[in-house]
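As structure tokens, the structure follows; a few thoughts come after it.
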Amino acid sequence: MSNTPNDSPPEVAVPPERFNFAQHLLALNAARPGKPAFVDDRGTLGYAQLDERVRRMAAGLRALGFKREERVLLLMQDTNDWPVAFLGALYAGIVPVAVNTLLTADDYAYMLEHARAQAVLVSGALLPAVAAAMTKSDHEVQAVIVSRPIAPLKAAPSGALPLAPTEVDFEAFLAAHTPLAKPANTAADDPAFWLYSSGSTGRPKGTVHSHANPYWTSELYGRAVLQLREDDVCFSAAKLFFAYGLGNALTFPMSVGATTVLMPDRPTPEAVFKRWLGEGGGPRPTVFFGAPTGYAGMLAHPALPKKEQVALRLASSAGEALPAEIGERFTRHFGVEIIDGIGSTEMLHIFLSNRPGRVRYGTTGWPVPGYEIELRGDGGQPVPDGEPGDLYIHGPSAAMMYWGNRQKTRDTFQGGWTKSGDKYVRNADGSYTYSGRSDDMLKVSGIYVSPFEVEATLVQHPAVLEAAVIGVPDAEGLTKTKAFVVLKPGGEADEAELKAFVKDRLAPYKYPRQIEFVADLPKTATGKIQRFKLRDREVGRG
């Protein structure tokens with residue numbers, strides 16, 4: 001169940017025992033001071049400017065009295081200030097807790113308390129949510145550092161900034177401190193940052209990653225699989241606060257000296273096309289990172305650019321399995337492959353993937369060299385090829401723990417293996433095909449049915465934009481499949497037509513017994529369909 005014979009791990013140096021990931025990235029790029037590192041709607045941040053601002057941020061956090069491994073909440077939109085805040089904390093040995101910008105004040109209040117955050121680094125547009133969270137929480141933060149439109153860095157004013165609790169302007173905070181000369185003497189296995197997992201039920205889990213973990217994902221996936229280059233311009237629809245986006249838009253491009261385009265607004269087709277076309281003066285991306293729902297929306301959009309208008313040489317997809325039809329349509333239109341893979345917050349990035357020049361649409365590809373994959377049955381035993389099993393991963397980028405959640409930590413991180421919660425089938429060529437989440441798999445008439453397989457078939461119909469499939473009980477309490485379908489603008493299809501369409505392409509027992517047409521589907525901020533909300537809706541109707 002492990003790597004195919006030609007997929008031996010690349011020769012990657014093990015990081016030294018004393019290792020600070022922020023310092024590692026800054027040192028890699030010291031020889032390209034004038035090259036753009038990040039470009040947002042407000043300007044360009046060169047590698048030398050980034051180095052200085054990161055070390056100023058580190059000095060400022062230290063000046064506030066924060067100690068090694070204390071946490072700061074990072075609630076910021078994707079602008080040039082985000083990598084400054086994130087890497088500045090790492091450089092100082094302080095742990096940034098990067099959180100979703102689309103949550104509620106109640107969520108942020110929980111995270112402030114759970115992480116015991118000493119400060120909040122926040123975009124001005126999100127400050128009201130933080131203020132509301134602080135009124136709901138008994139936890140007191142020491143400072144709120146607010147990122148607003150970038151102004152030129154000014155000389156440090158005389159006198160120190162007041163100690164908090166206080167609200168401080170991001171630029172003034174940087175200007176008030178001399179760049180920290182040396183990074184914190186952290187270890188490769190020291191906690192570096194947290195990401196909260198987007199669980200379908202219950203409170204999100206604080207997933208703790210080490211300084212070495214982003215090094216491994218950058219080397220084993222960003223370099224070895226995607227083969228990113230110094231001359232690339234990377235652009236990610238997934239935001240930096242997600243594990244997928246953090247690799248795409250920060251750790252991967254910086255590890256090879258590339259440039260990243262950052263976008264603070266939602267990744268609508270119009271917003272993505274604007275960046276692809278270089279409107280506003282920014283560089284045109286050569287590598288785009290998206291999700292299946294986003295690709296479907298873009299391909300259906302009337303303003304879809306032509307091949308010759310864009311500079312793309314590669315595209316990536318994750319978040320949920322990519323239907324073959326979407327990948328094939330994208331490649332036909334742009335002449336560019338979509339490299340579909342699966343990763344997780346717990347493993348930090350992708351561990352199972354197609355690769356450039358070796359794409360098998362409809363599968364998630366092969367194990368990333370350096371990672372091992374096992375599929376296990378209900379009793380923990382390996383399953384044969386062709387049968388669905390629970391996906392387990394063994395690799396160097398696994399998280400250290402869920403903070404303050406021993407039981408969930410034990411359930412997920414098992415003796416060097418990480419249980420993903422996904423079900424997969426291993427194919428004869430060693431590739432893997434997604435069968436759904438473990439809690440999404442349906443057993444109809446005693447046989448497993450993959451919601452994704454039915455969804456991927458439905459979206460092949462020319463009138464269907466998106467589909468989500470769940471199990472609903474019938475009058476006898478038996479599970480039957482129900483599909484929620486979003487039609488394309490102007491698309492026409494009825495229930496009987498779509499049922500017949502699926503029956504013609506899949507085993508008869510797999511067709512959806514019910515079909516409901518809806519205007520949209522509930523999704524996470526990364527575009528992942530939230531089937532549990534559809535299930536909850538059905539329960540409410542009952």
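Identifiers for the structure tokens are assigned positionally: chains receive A, B, ... in sequence, residues are indexed from 1 per chain, and ligands are indexed from 1 in the order shown.
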task = Show which residues sit within 8 Å of A:Ala59, as a VMD selection string. Count only C-alpha atoms, and ignore same-chain residues fewer than 5 positions away.
result = chain A and resid 92 177 to 180
query = Hey, what's within 10 Å of A:Arg284 if we count only C-alpha atoms and toss same-chain stuff fewer than 6 positions away? As a PyMOL selection string, please?
reply = chain A and resi 232-235+261+274-278+309-312
key: Spatial neighbours of A:Ile342, max dist 6 Å, only C-alpha atoms, sep filter under 3 positions, as an NGL selection string   = :A and (318 or 350 or 352)
Those residues with all heavy atoms, as a PDB file, in the first residue's frame please?
ATOM      1  N   ALA A 318      -7.177  20.977  -4.614  1.00  0.00           N
ATOM      2  CA  ALA A 318      -7.305  20.203  -3.378  1.00  0.00           C
ATOM      3  C   ALA A 318      -8.557  20.693  -2.674  1.00  0.00           C
ATOM      4  O   ALA A 318      -9.274  21.549  -3.167  1.00  0.00           O
ATOM      5  CB  ALA A 318      -6.068  20.353  -2.490  1.00  0.00           C
ATOM      6  N   ILE A 350      -0.263  18.451   0.996  1.00  0.00           N
ATOM      7  CA  ILE A 350      -0.680  17.305   0.187  1.00  0.00           C
ATOM      8  C   ILE A 350       0.296  16.141   0.323  1.00  0.00           C
ATOM      9  O   ILE A 350       1.514  16.321   0.249  1.00  0.00           O
ATOM     10  CB  ILE A 350      -0.847  17.751  -1.275  1.00  0.00           C
ATOM     11  CG1 ILE A 350      -2.094  18.644  -1.390  1.00  0.00           C
ATOM     12  CG2 ILE A 350      -0.946  16.563  -2.226  1.00  0.00           C
ATOM     13  CD1 ILE A 350      -2.266  19.314  -2.727  1.00  0.00           C
ATOM     14  N   LEU A 352      -0.847  12.893  -1.179  1.00  0.00           N
ATOM     15  CA  LEU A 352      -1.281  11.957  -2.209  1.00  0.00           C
ATOM     16  C   LEU A 352      -1.668  12.812  -3.400  1.00  0.00           C
ATOM     17  O   LEU A 352      -2.520  13.697  -3.274  1.00  0.00           O
ATOM     18  CB  LEU A 352      -2.477  11.151  -1.693  1.00  0.00           C
ATOM     19  CG  LEU A 352      -3.070  10.049  -2.567  1.00  0.00           C
ATOM     20  CD1 LEU A 352      -2.038   8.957  -2.836  1.00  0.00           C
ATOM     21  CD2 LEU A 352      -4.288   9.442  -1.879  1.00  0.00           C
TER      22      LEU A 352
END
message = Taking 2 positions as the minimum chain separation for residues in the same chain, which residues sit within 10 Å of A:Val459 when counting only C-alpha atoms? Answer as a PyMOL selection string.
response = chain A and resi 296+323-326+454-457+461-468+485-487+498
ask   = Which polymer residues have any atom within 9 Å of an atom of A:Ser431, counting only C-alpha atoms, with same-chain residues fewer than 3 positions away left out, as a list in words?
value = Thr4, Leu352, Ser353, Asn354, Arg360, Thr363, Thr364, Gly365, Trp366, Pro367, Val425, Arg426, Asn427 and Ala428 of chain A
ask   = Of the candidates A:Met254, A:Ala22, A:Val444, A:Val120, which shows the shortest atom-to-atom distance to A:Asp474, using only C-alpha atoms?
value =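 Comparing A:Met254, A:Ala22, A:Val444, A:Val120 against A:Asp474, the winner is A:Val444.
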task = Give me, please, the distance in Å between atom CA of A:Asp169 and atom CA of A:Ser147, quoted to one decimal.
result = 6.4 Å
Using DSSP on the backbone, list every residue of stretch 396-471 of chain A that comes out as alpha helix (DSSP H), and give them as a short mmCIF file (atom, residue, chain, number, x, y, z; two decimals) with C-alpha atoms, in the first residue's frame.
data_model
loop_
_atom_site.label_atom_id
_atom_site.label_comp_id
_atom_site.auth_asym_id
_atom_site.auth_seq_id
_atom_site.Cartn_x
_atom_site.Cartn_y
_atom_site.Cartn_z
CA ARG A 406 -5.91 14.31 24.31
CA GLN A 407 -8.67 11.96 23.14
CA LYS A 408 -8.91 13.42 19.64
CA THR A 409 -5.11 13.45 19.43
CA ARG A 410 -5.00 9.73 20.23
CA ASP A 411 -7.80 8.98 17.77
CA THR A 412 -6.06 10.77 14.89
CA PRO A 451 -21.33 10.25 -2.70
CA PHE A 452 -18.47 11.69 -4.71
CA GLU A 453 -18.84 9.09 -7.47
CA VAL A 454 -22.51 9.99 -7.92
CA GLU A 455 -21.74 13.72 -7.75
CA ALA A 456 -18.96 13.39 -10.31
CA THR A 457 -21.37 11.64 -12.64
CA LEU A 458 -24.13 14.23 -12.22
#
request  = Select, from A:Lys482, A:Arg229, A:Arg55, A:Arg148, the residue with the minimum atom-to-atom distance to A:Ala89, counting only C-alpha atoms.
outcome  =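 That would be A:Arg55, the residue with the smallest distance to A:Ala89.
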inquiry  = Just the number, please: distance in Å from atom CA of A:Tyr221 to atom CA of A:Val368, one decimal.
reply    =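 The value is 7.0 Å.
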request  = Report the residues of stretch 408-479 of chain A whose backbone DSSP state falls under strand (DSSP E), written as a ChimeraX atom specification.
outcome  = /A:413-414,417-426,432-437,442-444,447-449,464-473,479
Put those residues in a file: C-alpha atoms, as a JSON list (two decimals), in the first residue's frame.
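part.json, freshly written:
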[["chain", "number", "residue", "atom", "x", "y", "z"],
["A", 413, "PHE", "CA", -2.33, 10.34, 15.51],
["A", 414, "GLN", "CA", -1.71, 6.63, 15.95],
["A", 417, "TRP", "CA", 0.28, 7.14, 11.39],
["A", 418, "THR", "CA", -2.36, 9.82, 10.90],
["A", 419, "LYS", "CA", -5.97, 8.79, 10.32],
["A", 420, "SER", "CA", -7.39, 11.12, 7.70],
["A", 421, "GLY", "CA", -11.10, 10.36, 7.99],
["A", 422, "ASP", "CA", -11.28, 9.74, 4.22],
["A", 423, "LYS", "CA", -12.10, 6.55, 2.38],
["A", 424, "TYR", "CA", -10.14, 5.59, -0.74],
["A", 425, "VAL", "CA", -9.72, 2.74, -3.20],
["A", 426, "ARG", "CA", -6.28, 1.72, -4.45],
["A", 432, "TYR", "CA", -5.91, 6.11, -5.45],
["A", 433, "THR", "CA", -9.53, 7.03, -6.08],
["A", 434, "TYR", "CA", -11.54, 9.03, -3.56],
["A", 435, "SER", "CA", -14.63, 7.34, -2.10],
["A", 436, "GLY", "CA", -15.79, 10.08, 0.27],
["A", 437, "ARG", "CA", -15.36, 11.00, 3.87],
["A", 442, "LEU", "CA", -23.38, 5.51, 2.30],
["A", 443, "LYS", "CA", -24.33, 1.87, 2.59],
["A", 444, "VAL", "CA", -27.26, 1.25, 0.27],
["A", 447, "ILE", "CA", -23.20, -1.99, -0.47],
["A", 448, "TYR", "CA", -21.02, 1.09, -0.02],
["A", 449, "VAL", "CA", -21.92, 3.99, -2.30],
["A", 464, "VAL", "CA", -25.44, 20.64, -14.06],
["A", 465, "LEU", "CA", -23.02, 23.02, -12.36],
["A", 466, "GLU", "CA", -22.69, 21.36, -8.94],
["A", 467, "ALA", "CA", -24.12, 18.42, -7.03],
["A", 468, "ALA", "CA", -23.99, 17.04, -3.49],
["A", 469, "VAL", "CA", -25.25, 13.61, -2.43],
["A", 470, "ILE", "CA", -26.27, 12.47, 1.06],
["A", 471, "GLY", "CA", -28.09, 9.53, 2.56],
["A", 472, "VAL", "CA", -31.65, 9.95, 3.81],
["A", 473, "PRO", "CA", -33.80, 7.29, 5.52],
["A", 479, "THR", "CA", -30.69, 4.61, 3.65]]
Two-atom distance - atom CA of A:Val130, atom CA of A:Phe241 (Å) =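 According to the coordinates, atom CA of A:Val130 and atom CA of A:Phe241 are separated by 16.2 Å.
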request  = Name all residues at most 8 Å from stretch 266-272 of chain A (count only C-alpha atoms; drop same-chain ones fewer than 5 positions away) and give them as a ChimeraX atom specification.
outcome  = /A:237-238,294,297-298,301,303
message = Residues near A:His139, anyone? I mean within 10 Å using only C-alpha atoms, not counting same-chain ones fewer than 2 positions away, as a count of residues only.
response = 16
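Considering the residues A:Ala132, A:Ala31, A:Ala125, A:Ala483 and counting only C-alpha atoms, A:Asp106 has its shortest atom-to-atom contact with A:Ala132.
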